[in-house]
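*Asks:* Take this structure first; my questions come after.
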Amino acid sequence: MAHATIYVGCTVPQLLRGAQSRIFPSHSPLGVLRHSAFCYCTGNGTIKSKRKMDHLERTANNFRQEVITQAKVCGITNESETVKRLRLAIANKDFTFKAGQWVDFFIPGVSVVGGFSICSSPGLLEREGILELAVKHTAHPPAHWIHTECTLDSEVALRVGADLHGYQEGKGKRHKLGTAKLHYSAKNTSELLFKKNILGLMKAFPGKITCCFHVTQQHSQICKELQPHVTEGRISEKDLEKHVSNDTSWYICGPPPMIESISKLLTNIGVPRNRVFFEKWW
């Protein structure tokens, strides 16, 4: 039986080998990696945060590669008014990652360590030695540095973190992907990052990859190409309940309130917790 995968997300806004002394002084954030912290998600999937934890605290219990690798900024582009795409040339030729992984992002002179999802494919790294990140502008020091101080040839260091984690830690079965359905929410269409890439995938794999874009504050006319795929309003129970089946896995990506809201919605429509996965480090 074909296996379906549902991705639910919104813009918030998403390697390791070898590196360090030349970029980081003795007081660098690398020392912070030894600190322990509690898991960001409780056992029953409820997200709790009495204070804003930093990236390393939220992911303290996650597996990481042991080494850190150097990288140099080789491209900066504006994906939207609030999101920059960062292209990084990776120095370590043995460095690899899997689709869905994120990186610890170390910046010289910035004590806070960032955590960003990788938005490029492993294939791009294999072919060109390039890795890409999409970073939304916030007051968080690493994101603020990327938007205000980062330039071409800036040097940073990266370490790969784990893949998506589910509600319950365990030895989950691997599933062969049958179809992928994406519900993607943003304020307006200009904040729908990589929409052209997504439309291209839908055309290349008809029936296998589908997407519904949701916009919550759209004040301008939606372009003709996007119109058939755009719904005004937040992702609702009605949008998702038609996808419920025993063979469907659900992946959620977004800020904590959105993850908590969608998680409760999925519980309400009968989706088992062990079929729901989310990135827990925002």
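Just remember, in the structure tokens the first chain shown is A, the second B, etc., residues are 1-based per chain, and ligands are 1-based in the order shown.
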Please identify the strand (DSSP E or B) residues within region 137-272 of chain A (assignment by DSSP from backbone atoms) and present them as a PyMOL selection string.
*Replies:* chain A and resi 155-160+165-166+179-186+209-215+230-232+248-253
*Asks:* Could you build a table of the residues in region 89-192 of chain A lying no more than 12 Å from region 199-207 of chain A, giving for each the nearest pair of atoms and their separation in Å rounded to one decimal place, using only C-alpha atoms, ordered by chain and ascending residue number, as a tab-separated table?
*Replies:*
```
residue	atom	partner	partner_atom	distance
A:Gly178	CA	A:Gly207	CA	9.9
A:Thr179	CA	A:Gly207	CA	7.4
A:Ala180	CA	A:Gly207	CA	8.9
A:Lys181	CA	A:Gly207	CA	9.4
A:Leu182	CA	A:Met202	CA	10.5
A:Leu192	CA	A:Leu199	CA	11.5
```
*Asks:* Grab the CA of Val215 (chain A) to CA of Asn188 (chain A) distance for me, in Å with one decimal place.
*Replies:*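 Computing it gives 5.0 Å between the two atoms.
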*Asks:* Contacts of region 118-122 of chain A at 7 Å or less, counting only C-alpha atoms, minus same-chain residues fewer than 6 places along, as a PDB file with N, CA and C atoms, in the first residue's frame?
*Replies:*
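After the write, out.pdb holds the following:
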```
ATOM      1  N   GLN A  14      13.047  27.775   9.139  1.00  0.00           N
ATOM      2  CA  GLN A  14      15.189  25.949   8.724  1.00  0.00           C
ATOM      3  C   GLN A  14      15.670  26.862   8.364  1.00  0.00           C
ATOM      4  N   PHE A  97      25.421  15.429   4.776  1.00  0.00           N
ATOM      5  CA  PHE A  97      24.231  15.547   5.599  1.00  0.00           C
ATOM      6  C   PHE A  97      23.080  14.857   4.885  1.00  0.00           C
ATOM      7  N   LYS A  98      21.998  14.638   5.600  1.00  0.00           N
ATOM      8  CA  LYS A  98      20.798  14.045   5.019  1.00  0.00           C
ATOM      9  C   LYS A  98      19.697  15.092   4.927  1.00  0.00           C
ATOM     10  N   ALA A  99      18.831  14.937   3.949  1.00  0.00           N
ATOM     11  CA  ALA A  99      17.695  15.857   3.806  1.00  0.00           C
ATOM     12  C   ALA A  99      16.889  15.870   5.099  1.00  0.00           C
ATOM     13  N   GLN A 101      17.931  17.536   7.878  1.00  0.00           N
ATOM     14  CA  GLN A 101      18.774  17.855   9.019  1.00  0.00           C
ATOM     15  C   GLN A 101      18.982  19.358   9.161  1.00  0.00           C
ATOM     16  N   TRP A 102      19.448  19.761  10.348  1.00  0.00           N
ATOM     17  CA  TRP A 102      19.736  21.162  10.625  1.00  0.00           C
ATOM     18  C   TRP A 102      21.181  21.292  11.066  1.00  0.00           C
ATOM     19  N   LEU A 131      26.274  24.472   0.541  1.00  0.00           N
ATOM     20  CA  LEU A 131      25.124  24.237   1.412  1.00  0.00           C
ATOM     21  C   LEU A 131      24.369  25.546   1.561  1.00  0.00           C
ATOM     22  N   GLU A 132      23.031  25.498   1.613  1.00  0.00           N
ATOM     23  CA  GLU A 132      22.242  26.717   1.699  1.00  0.00           C
ATOM     24  C   GLU A 132      21.328  26.703   2.927  1.00  0.00           C
ATOM     25  N   LEU A 133      21.174  27.883   3.526  1.00  0.00           N
ATOM     26  CA  LEU A 133      20.270  28.092   4.649  1.00  0.00           C
ATOM     27  C   LEU A 133      19.321  29.228   4.307  1.00  0.00           C
ATOM     28  N   ALA A 134      18.080  29.142   4.775  1.00  0.00           N
ATOM     29  CA  ALA A 134      17.132  30.246   4.639  1.00  0.00           C
ATOM     30  C   ALA A 134      16.848  30.754   6.050  1.00  0.00           C
TER      31      ALA A 134
END
```
*Asks:* Suppose you want the space between CA of Met258 (chain A) and CA of Ser185 (chain A); what is it in Å?
*Replies:*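 One can read the CA of Met258 (chain A) to CA of Ser185 (chain A) distance as 10.2 Å.
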*Asks:* One decimal, Å: what's the distance from CA of Ser263 (chain A) over to CA of Ile222 (chain A), could you say?
*Replies:* 29.3 Å
*Asks:* List the spatial neighbours of Ala143 (chain A) as a list in words - criterion: any atom at most 10 Å away, only C-alpha atoms, same-chain residues fewer than 2 positions off excluded.
*Replies:* Val83, Lys84, Phe105, Val113, Gly114, Gly115, Phe116, Val135, Lys136, His137, Thr138, Ala139, His140, Pro141, Trp145, Ile146, His147, Thr148, Glu149 and Cys150 of chain A
